[in-house]
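A.B. asks: structure06.txt is the file, holding compact mmCIF, N, CA and C atoms:
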```
# COMPACT_ATOMS: atom_id res chain seq x y z
N MET R 1 -24.22 -32.06 17.38
CA MET R 1 -23.76 -30.83 17.98
C MET R 1 -22.32 -30.51 17.56
N LYS R 2 -21.47 -31.53 17.59
CA LYS R 2 -20.08 -31.34 17.21
C LYS R 2 -19.98 -30.93 15.73
N THR R 3 -20.82 -31.52 14.89
CA THR R 3 -20.82 -31.20 13.47
C THR R 3 -21.22 -29.75 13.24
N ARG R 4 -22.21 -29.28 13.95
CA ARG R 4 -22.65 -27.89 13.83
C ARG R 4 -21.53 -26.93 14.23
N PHE R 5 -20.87 -27.26 15.31
CA PHE R 5 -19.77 -26.42 15.78
C PHE R 5 -18.66 -26.35 14.73
N LEU R 6 -18.27 -27.48 14.17
CA LEU R 6 -17.23 -27.50 13.15
C LEU R 6 -17.66 -26.74 11.91
N LEU R 7 -18.92 -26.87 11.53
CA LEU R 7 -19.44 -26.15 10.38
C LEU R 7 -19.40 -24.64 10.63
N LEU R 8 -19.77 -24.23 11.82
CA LEU R 8 -19.74 -22.82 12.19
C LEU R 8 -18.31 -22.28 12.15
N VAL R 9 -17.36 -23.03 12.69
CA VAL R 9 -15.95 -22.63 12.68
C VAL R 9 -15.46 -22.51 11.23
N PHE R 10 -15.80 -23.48 10.40
CA PHE R 10 -15.40 -23.46 8.99
C PHE R 10 -15.96 -22.23 8.28
N LEU R 11 -17.23 -21.95 8.46
CA LEU R 11 -17.86 -20.80 7.81
C LEU R 11 -17.24 -19.49 8.28
N PHE R 12 -16.96 -19.37 9.56
CA PHE R 12 -16.32 -18.17 10.09
C PHE R 12 -14.93 -17.99 9.48
N ALA R 13 -14.16 -19.06 9.45
CA ALA R 13 -12.81 -19.00 8.87
C ALA R 13 -12.86 -18.64 7.39
N PHE R 14 -13.79 -19.22 6.67
CA PHE R 14 -13.94 -18.94 5.24
C PHE R 14 -14.32 -17.48 5.01
N ALA R 15 -15.28 -16.98 5.76
CA ALA R 15 -15.73 -15.59 5.63
C ALA R 15 -14.60 -14.62 5.95
N THR R 16 -13.83 -14.91 6.97
CA THR R 16 -12.71 -14.06 7.35
C THR R 16 -11.66 -14.04 6.24
N ALA R 17 -11.33 -15.20 5.72
CA ALA R 17 -10.32 -15.29 4.66
C ALA R 17 -10.79 -14.56 3.41
N GLN R 18 -12.05 -14.69 3.05
CA GLN R 18 -12.56 -14.05 1.85
C GLN R 18 -12.62 -12.54 1.98
N SER R 19 -12.93 -12.05 3.16
CA SER R 19 -13.08 -10.61 3.34
C SER R 19 -11.73 -9.89 3.34
N GLN R 20 -10.63 -10.61 3.46
CA GLN R 20 -9.31 -9.99 3.53
C GLN R 20 -8.39 -10.46 2.40
N THR R 21 -8.98 -10.83 1.27
CA THR R 21 -8.17 -11.29 0.16
C THR R 21 -7.46 -10.10 -0.47
N ILE R 22 -6.16 -10.15 -0.42
CA ILE R 22 -5.34 -9.11 -1.02
C ILE R 22 -4.64 -9.74 -2.22
N ASP R 23 -5.02 -9.27 -3.40
CA ASP R 23 -4.42 -9.79 -4.64
C ASP R 23 -4.28 -8.64 -5.63
N GLU R 24 -3.86 -8.94 -6.85
CA GLU R 24 -3.64 -7.89 -7.84
C GLU R 24 -4.92 -7.12 -8.15
N ALA R 25 -6.05 -7.82 -8.21
CA ALA R 25 -7.32 -7.15 -8.50
C ALA R 25 -7.66 -6.16 -7.38
N PHE R 26 -7.36 -6.54 -6.15
CA PHE R 26 -7.60 -5.67 -5.00
C PHE R 26 -6.71 -4.42 -5.08
N ILE R 27 -5.45 -4.61 -5.47
CA ILE R 27 -4.48 -3.52 -5.52
C ILE R 27 -4.76 -2.56 -6.68
N THR R 28 -5.15 -3.09 -7.83
CA THR R 28 -5.33 -2.29 -9.03
C THR R 28 -6.35 -1.19 -8.81
N GLY R 29 -5.94 0.04 -9.14
CA GLY R 29 -6.85 1.17 -9.02
C GLY R 29 -6.16 2.41 -8.48
N LYS R 30 -6.98 3.40 -8.21
CA LYS R 30 -6.51 4.70 -7.71
C LYS R 30 -6.75 4.75 -6.21
N TRP R 31 -5.72 5.11 -5.46
CA TRP R 31 -5.77 5.14 -4.00
C TRP R 31 -5.45 6.52 -3.47
N LYS R 32 -6.14 6.91 -2.43
CA LYS R 32 -5.88 8.16 -1.70
C LYS R 32 -5.58 7.80 -0.25
N VAL R 33 -4.85 8.66 0.41
CA VAL R 33 -4.49 8.45 1.81
C VAL R 33 -5.51 9.13 2.71
N LYS R 34 -6.03 8.37 3.66
CA LYS R 34 -6.92 8.95 4.67
C LYS R 34 -6.11 9.50 5.84
N LYS R 35 -5.03 8.78 6.18
CA LYS R 35 -4.19 9.19 7.30
C LYS R 35 -2.78 8.63 7.10
N ALA R 36 -1.78 9.45 7.35
CA ALA R 36 -0.38 9.03 7.27
C ALA R 36 0.27 9.22 8.63
N THR R 37 1.04 8.22 9.05
CA THR R 37 1.70 8.27 10.35
C THR R 37 3.11 7.71 10.24
N ALA R 38 4.06 8.42 10.82
CA ALA R 38 5.44 7.91 10.88
C ALA R 38 5.53 6.88 11.98
N LEU R 39 6.12 5.74 11.68
CA LEU R 39 6.31 4.68 12.67
C LEU R 39 7.64 4.82 13.40
N LYS R 40 8.57 5.55 12.80
CA LYS R 40 9.88 5.79 13.39
C LYS R 40 10.31 7.22 13.08
N GLU R 41 11.10 7.80 13.96
CA GLU R 41 11.70 9.12 13.76
C GLU R 41 10.69 10.18 13.37
N ALA R 42 9.53 10.15 14.03
CA ALA R 42 8.42 11.05 13.69
C ALA R 42 8.74 12.52 13.91
N GLU R 43 9.71 12.82 14.77
CA GLU R 43 10.02 14.21 15.08
C GLU R 43 11.02 14.85 14.12
N LYS R 44 11.66 14.05 13.28
CA LYS R 44 12.63 14.59 12.34
C LYS R 44 11.91 15.41 11.26
N ALA R 45 12.50 16.52 10.88
CA ALA R 45 11.90 17.41 9.87
C ALA R 45 11.69 16.67 8.54
N GLU R 46 12.68 15.87 8.16
CA GLU R 46 12.58 15.11 6.91
C GLU R 46 11.40 14.14 6.94
N THR R 47 11.21 13.48 8.08
CA THR R 47 10.11 12.53 8.22
C THR R 47 8.77 13.25 8.15
N LYS R 48 8.67 14.39 8.82
CA LYS R 48 7.44 15.17 8.79
C LYS R 48 7.10 15.59 7.36
N GLU R 49 8.11 15.99 6.61
CA GLU R 49 7.92 16.40 5.22
C GLU R 49 7.40 15.22 4.38
N LEU R 50 8.00 14.05 4.59
CA LEU R 50 7.55 12.85 3.87
C LEU R 50 6.11 12.49 4.23
N VAL R 51 5.79 12.51 5.51
CA VAL R 51 4.44 12.18 5.96
C VAL R 51 3.42 13.11 5.31
N THR R 52 3.71 14.40 5.33
CA THR R 52 2.81 15.38 4.72
C THR R 52 2.68 15.15 3.22
N GLY R 53 3.79 14.92 2.56
CA GLY R 53 3.78 14.69 1.11
C GLY R 53 3.03 13.43 0.72
N PHE R 54 3.29 12.35 1.45
CA PHE R 54 2.58 11.10 1.15
C PHE R 54 1.10 11.22 1.47
N GLN R 55 0.77 11.97 2.51
CA GLN R 55 -0.63 12.19 2.90
C GLN R 55 -1.41 12.87 1.76
N LYS R 56 -0.75 13.75 1.05
CA LYS R 56 -1.39 14.50 -0.02
C LYS R 56 -1.29 13.79 -1.37
N GLY R 57 -0.85 12.55 -1.35
CA GLY R 57 -0.59 11.83 -2.59
C GLY R 57 -1.76 11.03 -3.12
N THR R 58 -1.67 10.77 -4.43
CA THR R 58 -2.57 9.85 -5.12
C THR R 58 -1.69 8.77 -5.74
N TYR R 59 -2.07 7.53 -5.52
CA TYR R 59 -1.29 6.38 -5.95
C TYR R 59 -2.12 5.59 -6.95
N ASN R 60 -1.62 5.46 -8.17
CA ASN R 60 -2.33 4.73 -9.21
C ASN R 60 -1.59 3.45 -9.56
N PHE R 61 -2.21 2.33 -9.24
CA PHE R 61 -1.69 1.02 -9.61
C PHE R 61 -2.54 0.55 -10.78
N ASN R 62 -2.07 0.83 -11.98
CA ASN R 62 -2.87 0.56 -13.18
C ASN R 62 -2.86 -0.91 -13.57
N ALA R 63 -3.89 -1.31 -14.31
CA ALA R 63 -4.06 -2.71 -14.71
C ALA R 63 -2.89 -3.20 -15.58
N ASP R 64 -2.26 -2.29 -16.31
CA ASP R 64 -1.10 -2.68 -17.14
C ASP R 64 0.20 -2.70 -16.33
N HIS R 65 0.07 -2.57 -15.00
CA HIS R 65 1.17 -2.59 -14.04
C HIS R 65 2.04 -1.33 -14.08
N SER R 66 1.57 -0.28 -14.76
CA SER R 66 2.27 1.00 -14.65
C SER R 66 1.84 1.64 -13.33
N PHE R 67 2.70 2.48 -12.81
CA PHE R 67 2.45 3.13 -11.52
C PHE R 67 2.66 4.63 -11.67
N THR R 68 1.75 5.40 -11.10
CA THR R 68 1.95 6.84 -11.05
C THR R 68 1.69 7.32 -9.63
N PHE R 69 2.47 8.32 -9.26
CA PHE R 69 2.34 8.96 -7.95
C PHE R 69 2.30 10.46 -8.17
N GLU R 70 1.28 11.08 -7.61
CA GLU R 70 1.16 12.53 -7.68
C GLU R 70 0.87 13.03 -6.28
N THR R 71 1.43 14.19 -5.95
CA THR R 71 1.17 14.78 -4.64
C THR R 71 0.91 16.27 -4.80
N LYS R 72 0.11 16.79 -3.92
CA LYS R 72 -0.17 18.23 -3.91
C LYS R 72 0.86 18.98 -3.07
N SER R 73 1.82 18.25 -2.54
CA SER R 73 2.88 18.87 -1.76
C SER R 73 3.87 19.55 -2.71
N SER R 74 4.34 20.73 -2.31
CA SER R 74 5.33 21.45 -3.11
C SER R 74 6.74 21.27 -2.57
N ALA R 75 6.89 20.39 -1.60
CA ALA R 75 8.21 20.15 -1.01
C ALA R 75 9.16 19.57 -2.07
N GLU R 76 10.38 20.03 -2.04
CA GLU R 76 11.38 19.59 -3.02
C GLU R 76 11.56 18.07 -3.03
N MET R 77 11.57 17.48 -1.84
CA MET R 77 11.75 16.03 -1.73
C MET R 77 10.61 15.28 -2.44
N MET R 78 9.39 15.78 -2.32
CA MET R 78 8.25 15.12 -2.93
C MET R 78 8.27 15.30 -4.45
N GLU R 79 8.74 16.45 -4.91
CA GLU R 79 8.88 16.67 -6.35
C GLU R 79 9.90 15.70 -6.94
N LYS R 80 10.97 15.46 -6.20
CA LYS R 80 11.97 14.48 -6.65
C LYS R 80 11.38 13.08 -6.70
N LEU R 81 10.55 12.73 -5.72
CA LEU R 81 9.91 11.41 -5.73
C LEU R 81 8.95 11.26 -6.90
N GLU R 82 8.20 12.31 -7.21
CA GLU R 82 7.31 12.26 -8.38
C GLU R 82 8.11 11.96 -9.65
N LYS R 83 9.26 12.60 -9.79
CA LYS R 83 10.13 12.35 -10.96
C LYS R 83 10.69 10.94 -10.93
N LEU R 84 11.09 10.47 -9.76
CA LEU R 84 11.64 9.13 -9.62
C LEU R 84 10.63 8.07 -10.08
N PHE R 85 9.36 8.29 -9.80
CA PHE R 85 8.33 7.29 -10.10
C PHE R 85 7.82 7.35 -11.53
N ARG R 86 8.27 8.30 -12.32
CA ARG R 86 7.84 8.35 -13.72
C ARG R 86 8.30 7.10 -14.44
N ASN R 87 7.41 6.54 -15.24
CA ASN R 87 7.67 5.33 -16.04
C ASN R 87 7.95 4.09 -15.19
N ASN R 88 7.52 4.11 -13.92
CA ASN R 88 7.70 2.95 -13.06
C ASN R 88 6.59 1.93 -13.25
N LYS R 89 6.87 0.73 -12.88
CA LYS R 89 5.92 -0.38 -12.91
C LYS R 89 5.76 -0.91 -11.49
N TRP R 90 4.74 -1.72 -11.30
CA TRP R 90 4.55 -2.34 -9.99
C TRP R 90 4.30 -3.83 -10.17
N ILE R 91 4.72 -4.58 -9.15
CA ILE R 91 4.43 -6.02 -9.09
C ILE R 91 3.92 -6.30 -7.68
N PHE R 92 3.19 -7.40 -7.55
CA PHE R 92 2.64 -7.76 -6.24
C PHE R 92 3.10 -9.16 -5.87
N ASP R 93 3.68 -9.29 -4.69
CA ASP R 93 4.09 -10.57 -4.14
C ASP R 93 3.01 -11.00 -3.16
N LYS R 94 2.17 -11.93 -3.58
CA LYS R 94 1.01 -12.34 -2.78
C LYS R 94 1.43 -12.99 -1.46
N LYS R 95 2.50 -13.77 -1.49
CA LYS R 95 2.96 -14.44 -0.26
C LYS R 95 3.40 -13.44 0.81
N LYS R 96 4.16 -12.44 0.38
CA LYS R 96 4.67 -11.44 1.33
C LYS R 96 3.72 -10.27 1.50
N LYS R 97 2.67 -10.20 0.67
CA LYS R 97 1.72 -9.09 0.66
C LYS R 97 2.46 -7.76 0.49
N GLN R 98 3.32 -7.75 -0.55
CA GLN R 98 4.13 -6.58 -0.86
C GLN R 98 3.85 -6.08 -2.27
N ILE R 99 3.77 -4.77 -2.39
CA ILE R 99 3.76 -4.15 -3.71
C ILE R 99 5.14 -3.53 -3.87
N LYS R 100 5.82 -3.90 -4.95
CA LYS R 100 7.13 -3.34 -5.23
C LYS R 100 7.00 -2.45 -6.45
N VAL R 101 7.58 -1.25 -6.36
CA VAL R 101 7.47 -0.26 -7.41
C VAL R 101 8.87 0.10 -7.90
N GLY R 102 9.01 0.20 -9.19
CA GLY R 102 10.29 0.59 -9.77
C GLY R 102 10.42 0.13 -11.19
N LEU R 103 11.65 -0.06 -11.60
CA LEU R 103 11.94 -0.54 -12.94
C LEU R 103 12.32 -2.02 -12.86
N LYS R 104 11.87 -2.79 -13.83
CA LYS R 104 12.14 -4.23 -13.83
C LYS R 104 13.64 -4.51 -13.76
N LYS R 105 14.42 -3.77 -14.57
CA LYS R 105 15.87 -4.02 -14.62
C LYS R 105 16.57 -3.72 -13.30
N GLU R 106 15.89 -2.96 -12.41
CA GLU R 106 16.45 -2.64 -11.10
C GLU R 106 15.75 -3.41 -9.98
N GLY R 107 14.96 -4.40 -10.36
CA GLY R 107 14.31 -5.25 -9.37
C GLY R 107 13.17 -4.57 -8.62
N TYR R 108 12.52 -3.60 -9.28
CA TYR R 108 11.39 -2.88 -8.66
C TYR R 108 11.79 -2.37 -7.27
N SER R 109 12.89 -1.65 -7.22
CA SER R 109 13.50 -1.29 -5.94
C SER R 109 13.24 0.14 -5.47
N ASN R 110 12.41 0.90 -6.15
CA ASN R 110 12.20 2.30 -5.73
C ASN R 110 11.38 2.42 -4.46
N MET R 111 10.38 1.56 -4.30
CA MET R 111 9.56 1.62 -3.09
C MET R 111 8.84 0.29 -2.89
N THR R 112 8.69 -0.09 -1.63
CA THR R 112 7.96 -1.29 -1.28
C THR R 112 6.87 -0.93 -0.28
N PHE R 113 5.65 -1.36 -0.60
CA PHE R 113 4.52 -1.18 0.30
C PHE R 113 4.16 -2.54 0.88
N LEU R 114 4.02 -2.62 2.19
CA LEU R 114 3.49 -3.82 2.84
C LEU R 114 2.00 -3.57 3.01
N VAL R 115 1.17 -4.49 2.52
CA VAL R 115 -0.27 -4.27 2.50
C VAL R 115 -0.95 -5.19 3.50
N SER R 116 -1.88 -4.62 4.27
CA SER R 116 -2.65 -5.42 5.22
C SER R 116 -4.03 -4.81 5.42
N VAL R 117 -4.91 -5.60 6.00
CA VAL R 117 -6.23 -5.12 6.39
C VAL R 117 -6.35 -5.36 7.88
N LYS R 118 -6.55 -4.28 8.63
CA LYS R 118 -6.67 -4.37 10.08
C LYS R 118 -7.89 -3.59 10.52
N GLU R 119 -8.77 -4.25 11.23
CA GLU R 119 -9.97 -3.59 11.74
C GLU R 119 -10.70 -2.82 10.64
N LYS R 120 -10.86 -3.48 9.50
CA LYS R 120 -11.55 -2.93 8.32
C LYS R 120 -10.84 -1.73 7.71
N LYS R 121 -9.59 -1.50 8.07
CA LYS R 121 -8.78 -0.43 7.47
C LYS R 121 -7.75 -1.07 6.55
N ILE R 122 -7.57 -0.45 5.40
CA ILE R 122 -6.56 -0.92 4.45
C ILE R 122 -5.29 -0.12 4.73
N ILE R 123 -4.24 -0.84 5.09
CA ILE R 123 -2.98 -0.22 5.51
C ILE R 123 -1.88 -0.54 4.49
N PHE R 124 -1.21 0.50 4.03
CA PHE R 124 0.00 0.36 3.23
C PHE R 124 1.12 0.94 4.09
N VAL R 125 2.14 0.15 4.36
CA VAL R 125 3.31 0.66 5.07
C VAL R 125 4.44 0.81 4.06
N ILE R 126 4.97 2.02 3.97
CA ILE R 126 6.13 2.25 3.09
C ILE R 126 7.32 1.72 3.86
N GLU R 127 7.85 0.62 3.37
CA GLU R 127 8.85 -0.14 4.12
C GLU R 127 10.10 0.68 4.47
N ASP R 128 10.72 1.32 3.50
CA ASP R 128 11.97 2.05 3.76
C ASP R 128 11.77 3.24 4.69
N ALA R 129 10.70 3.98 4.49
CA ALA R 129 10.46 5.19 5.28
C ALA R 129 9.76 4.91 6.60
N GLN R 130 9.21 3.70 6.74
CA GLN R 130 8.44 3.33 7.93
C GLN R 130 7.32 4.34 8.18
N ILE R 131 6.53 4.55 7.12
CA ILE R 131 5.35 5.42 7.19
C ILE R 131 4.14 4.56 6.89
N GLU R 132 3.17 4.65 7.79
CA GLU R 132 1.92 3.88 7.64
C GLU R 132 0.86 4.78 6.99
N LEU R 133 0.25 4.25 5.93
CA LEU R 133 -0.79 4.97 5.21
C LEU R 133 -2.10 4.21 5.34
N VAL R 134 -3.11 4.85 5.90
CA VAL R 134 -4.46 4.27 5.90
C VAL R 134 -5.06 4.72 4.58
N MET R 135 -5.40 3.77 3.73
CA MET R 135 -5.76 4.06 2.34
C MET R 135 -7.26 3.88 2.08
N LYS R 136 -7.69 4.57 1.03
CA LYS R 136 -9.06 4.43 0.54
C LYS R 136 -9.00 4.35 -0.98
N LYS R 137 -9.62 3.31 -1.51
CA LYS R 137 -9.64 3.15 -2.96
C LYS R 137 -10.70 4.07 -3.54
N GLN R 138 -10.35 4.77 -4.61
CA GLN R 138 -11.28 5.71 -5.25
C GLN R 138 -12.14 5.03 -6.27
```
Can I see the file as structure tokens?
C.D. replies:
Amino acid sequence: MKTRFLLLVFLFAFATAQSQTIDEAFITGKWKVKKATALKEAEKAETKELVTGFQKGTYNFNADHSFTFETKSSAEMMEKLEKLFRNNKWIFDKKKKQIKVGLKKEGYSNMTFLVSVKEKKIIFVIEDAQIELVMKKQ
């Protein structure tokens, strides 16, 4: 009986760990936002503009580690971000579950996404802006 219980616990733990594996293969691809939410300062006009712009965005984490961001937002701030991300690369820190975007010589410092899976939802949190993106891989 004790052996069956331990086996069941092991299988459950293994299945849980496998279903939430976040690695480069998981990250690589084209992502769309299902829902964007500000975690802080949600009432500020600038934050609302960012939330709307990121909501309308497409995020491409290519296999060659190049990164592209496009948005259907016409807001000036979002247009500046599109320009900022041109020719950017991405790296993934598996221990911290972070995607860092930018230029290598600048330490990939343009944007950091914290990646998690919660209740079968894939969540990217834009660290600096404190905006949570519920994502869907295309």
A.B. asks: Which of chain R end up as alpha helix (DSSP H) when DSSP is run on this backbone - answer as a PyMOL selection string?
C.D. replies: chain R and resi 2-19+24-27+45-55+76-84
A.B. asks: Between atom CA of R:Lys80 and atom CA of R:Glu127, what is the distance, to one decimal in Å?
C.D. replies: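 Distance reported for this atom pair: 18.4 Å.
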A.B. asks: Find the spatial neighbours of R:Val125, counting only C-alpha atoms, within a cut-off of 12 Å - ignore same-chain residues fewer than 2 positions away - and output them as a PyMOL selection string.
C.D. replies: chain R and resi 33+35-40+51+54+97-100+111-117+122-123+127-135
A.B. asks: Identify, with DSSP run on backbone atoms, the residues in stretch 46-83 of chain R assigned to strand (DSSP E), and express the list as a PDB file with N, CA and C atoms, in the frame of the given file.
C.D. replies:
```pdb
ATOM      1  N   GLY R  57      -0.850  12.550  -1.350  1.00  0.00           N
ATOM      2  CA  GLY R  57      -0.590  11.830  -2.590  1.00  0.00           C
ATOM      3  C   GLY R  57      -1.760  11.030  -3.120  1.00  0.00           C
ATOM      4  N   THR R  58      -1.670  10.770  -4.430  1.00  0.00           N
ATOM      5  CA  THR R  58      -2.570   9.850  -5.120  1.00  0.00           C
ATOM      6  C   THR R  58      -1.690   8.770  -5.740  1.00  0.00           C
ATOM      7  N   TYR R  59      -2.070   7.530  -5.520  1.00  0.00           N
ATOM      8  CA  TYR R  59      -1.290   6.380  -5.950  1.00  0.00           C
ATOM      9  C   TYR R  59      -2.120   5.590  -6.950  1.00  0.00           C
ATOM     10  N   ASN R  60      -1.620   5.460  -8.170  1.00  0.00           N
ATOM     11  CA  ASN R  60      -2.330   4.730  -9.210  1.00  0.00           C
ATOM     12  C   ASN R  60      -1.590   3.450  -9.560  1.00  0.00           C
ATOM     13  N   PHE R  61      -2.210   2.330  -9.240  1.00  0.00           N
ATOM     14  CA  PHE R  61      -1.690   1.020  -9.610  1.00  0.00           C
ATOM     15  C   PHE R  61      -2.540   0.550 -10.780  1.00  0.00           C
ATOM     16  N   SER R  66       1.570  -0.280 -14.760  1.00  0.00           N
ATOM     17  CA  SER R  66       2.270   1.000 -14.650  1.00  0.00           C
ATOM     18  C   SER R  66       1.840   1.640 -13.330  1.00  0.00           C
ATOM     19  N   PHE R  67       2.700   2.480 -12.810  1.00  0.00           N
ATOM     20  CA  PHE R  67       2.450   3.130 -11.520  1.00  0.00           C
ATOM     21  C   PHE R  67       2.660   4.630 -11.670  1.00  0.00           C
ATOM     22  N   THR R  68       1.750   5.400 -11.100  1.00  0.00           N
ATOM     23  CA  THR R  68       1.950   6.840 -11.050  1.00  0.00           C
ATOM     24  C   THR R  68       1.690   7.320  -9.630  1.00  0.00           C
ATOM     25  N   PHE R  69       2.470   8.320  -9.260  1.00  0.00           N
ATOM     26  CA  PHE R  69       2.340   8.960  -7.950  1.00  0.00           C
ATOM     27  C   PHE R  69       2.300  10.460  -8.170  1.00  0.00           C
ATOM     28  N   GLU R  70       1.280  11.080  -7.610  1.00  0.00           N
ATOM     29  CA  GLU R  70       1.160  12.530  -7.680  1.00  0.00           C
ATOM     30  C   GLU R  70       0.870  13.030  -6.280  1.00  0.00           C
ATOM     31  N   THR R  71       1.430  14.190  -5.950  1.00  0.00           N
ATOM     32  CA  THR R  71       1.170  14.780  -4.640  1.00  0.00           C
ATOM     33  C   THR R  71       0.910  16.270  -4.800  1.00  0.00           C
TER      34      THR R  71
END
```
A.B. asks: Find the spatial neighbours of R:Asn60, counting only C-alpha atoms, within a cut-off of 6 Å - ignore same-chain residues fewer than 2 positions away - and output them as an NGL selection string.
C.D. replies: :R and (29-30 or 62 or 67-68)
A.B. asks: May I ask for the distance between atom CA of R:Ser74 and atom CA of R:Gly107, given in Å to one decimal place?
C.D. replies: 28.9 Å
A.B. asks: Using Å and a single decimal, report how far atom C of R:Asp93 sits from atom CA of R:Thr47.
C.D. replies: 27.1 Å
A.B. asks: Which residues come within 8 Å of R:Lys72, counting only N, CA and C atoms, excluding same-chain residues fewer than 5 positions away, as a PDB file with N, CA and C atoms, keeping the file's coordinate frame?
C.D. replies:
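Result saved to selection-v4.pdb:
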```pdb
ATOM      1  N   THR R  52       3.710  14.400   5.330  1.00  0.00           N
ATOM      2  CA  THR R  52       2.810  15.380   4.720  1.00  0.00           C
ATOM      3  C   THR R  52       2.680  15.150   3.220  1.00  0.00           C
ATOM      4  N   GLY R  53       3.790  14.920   2.560  1.00  0.00           N
ATOM      5  CA  GLY R  53       3.780  14.690   1.110  1.00  0.00           C
ATOM      6  C   GLY R  53       3.030  13.430   0.720  1.00  0.00           C
ATOM      7  N   PHE R  54       3.290  12.350   1.450  1.00  0.00           N
ATOM      8  CA  PHE R  54       2.580  11.100   1.150  1.00  0.00           C
ATOM      9  C   PHE R  54       1.100  11.220   1.470  1.00  0.00           C
ATOM     10  N   GLN R  55       0.770  11.970   2.510  1.00  0.00           N
ATOM     11  CA  GLN R  55      -0.630  12.190   2.900  1.00  0.00           C
ATOM     12  C   GLN R  55      -1.410  12.870   1.760  1.00  0.00           C
ATOM     13  N   LYS R  56      -0.750  13.750   1.050  1.00  0.00           N
ATOM     14  CA  LYS R  56      -1.390  14.500  -0.020  1.00  0.00           C
ATOM     15  C   LYS R  56      -1.290  13.790  -1.370  1.00  0.00           C
ATOM     16  N   GLY R  57      -0.850  12.550  -1.350  1.00  0.00           N
ATOM     17  CA  GLY R  57      -0.590  11.830  -2.590  1.00  0.00           C
ATOM     18  C   GLY R  57      -1.760  11.030  -3.120  1.00  0.00           C
ATOM     19  N   THR R  58      -1.670  10.770  -4.430  1.00  0.00           N
ATOM     20  CA  THR R  58      -2.570   9.850  -5.120  1.00  0.00           C
ATOM     21  C   THR R  58      -1.690   8.770  -5.740  1.00  0.00           C
TER      22      THR R  58
END
```
A.B. asks: Extract, using only N, CA and C atoms, all DNA, RNA and protein residues at most 7 Å from R:Asn88, discarding same-chain residues fewer than 6 positions from it, and format them as a PDB file with N, CA and C atoms, keeping the file's coordinate frame.
C.D. replies:
```pdb
ATOM      1  N   HIS R  65       0.070  -2.570 -15.000  1.00  0.00           N
ATOM      2  CA  HIS R  65       1.170  -2.590 -14.040  1.00  0.00           C
ATOM      3  C   HIS R  65       2.040  -1.330 -14.080  1.00  0.00           C
ATOM      4  N   SER R  66       1.570  -0.280 -14.760  1.00  0.00           N
ATOM      5  CA  SER R  66       2.270   1.000 -14.650  1.00  0.00           C
ATOM      6  C   SER R  66       1.840   1.640 -13.330  1.00  0.00           C
ATOM      7  N   PHE R  67       2.700   2.480 -12.810  1.00  0.00           N
ATOM      8  CA  PHE R  67       2.450   3.130 -11.520  1.00  0.00           C
ATOM      9  C   PHE R  67       2.660   4.630 -11.670  1.00  0.00           C
ATOM     10  N   THR R  68       1.750   5.400 -11.100  1.00  0.00           N
ATOM     11  CA  THR R  68       1.950   6.840 -11.050  1.00  0.00           C
ATOM     12  C   THR R  68       1.690   7.320  -9.630  1.00  0.00           C
ATOM     13  N   VAL R 101       7.580  -1.250  -6.360  1.00  0.00           N
ATOM     14  CA  VAL R 101       7.470  -0.260  -7.410  1.00  0.00           C
ATOM     15  C   VAL R 101       8.870   0.100  -7.900  1.00  0.00           C
ATOM     16  N   GLY R 102       9.010   0.200  -9.190  1.00  0.00           N
ATOM     17  CA  GLY R 102      10.290   0.590  -9.770  1.00  0.00           C
ATOM     18  C   GLY R 102      10.420   0.130 -11.190  1.00  0.00           C
ATOM     19  N   LEU R 103      11.650  -0.060 -11.600  1.00  0.00           N
ATOM     20  CA  LEU R 103      11.940  -0.540 -12.940  1.00  0.00           C
ATOM     21  C   LEU R 103      12.320  -2.020 -12.860  1.00  0.00           C
TER      22      LEU R 103
END
```
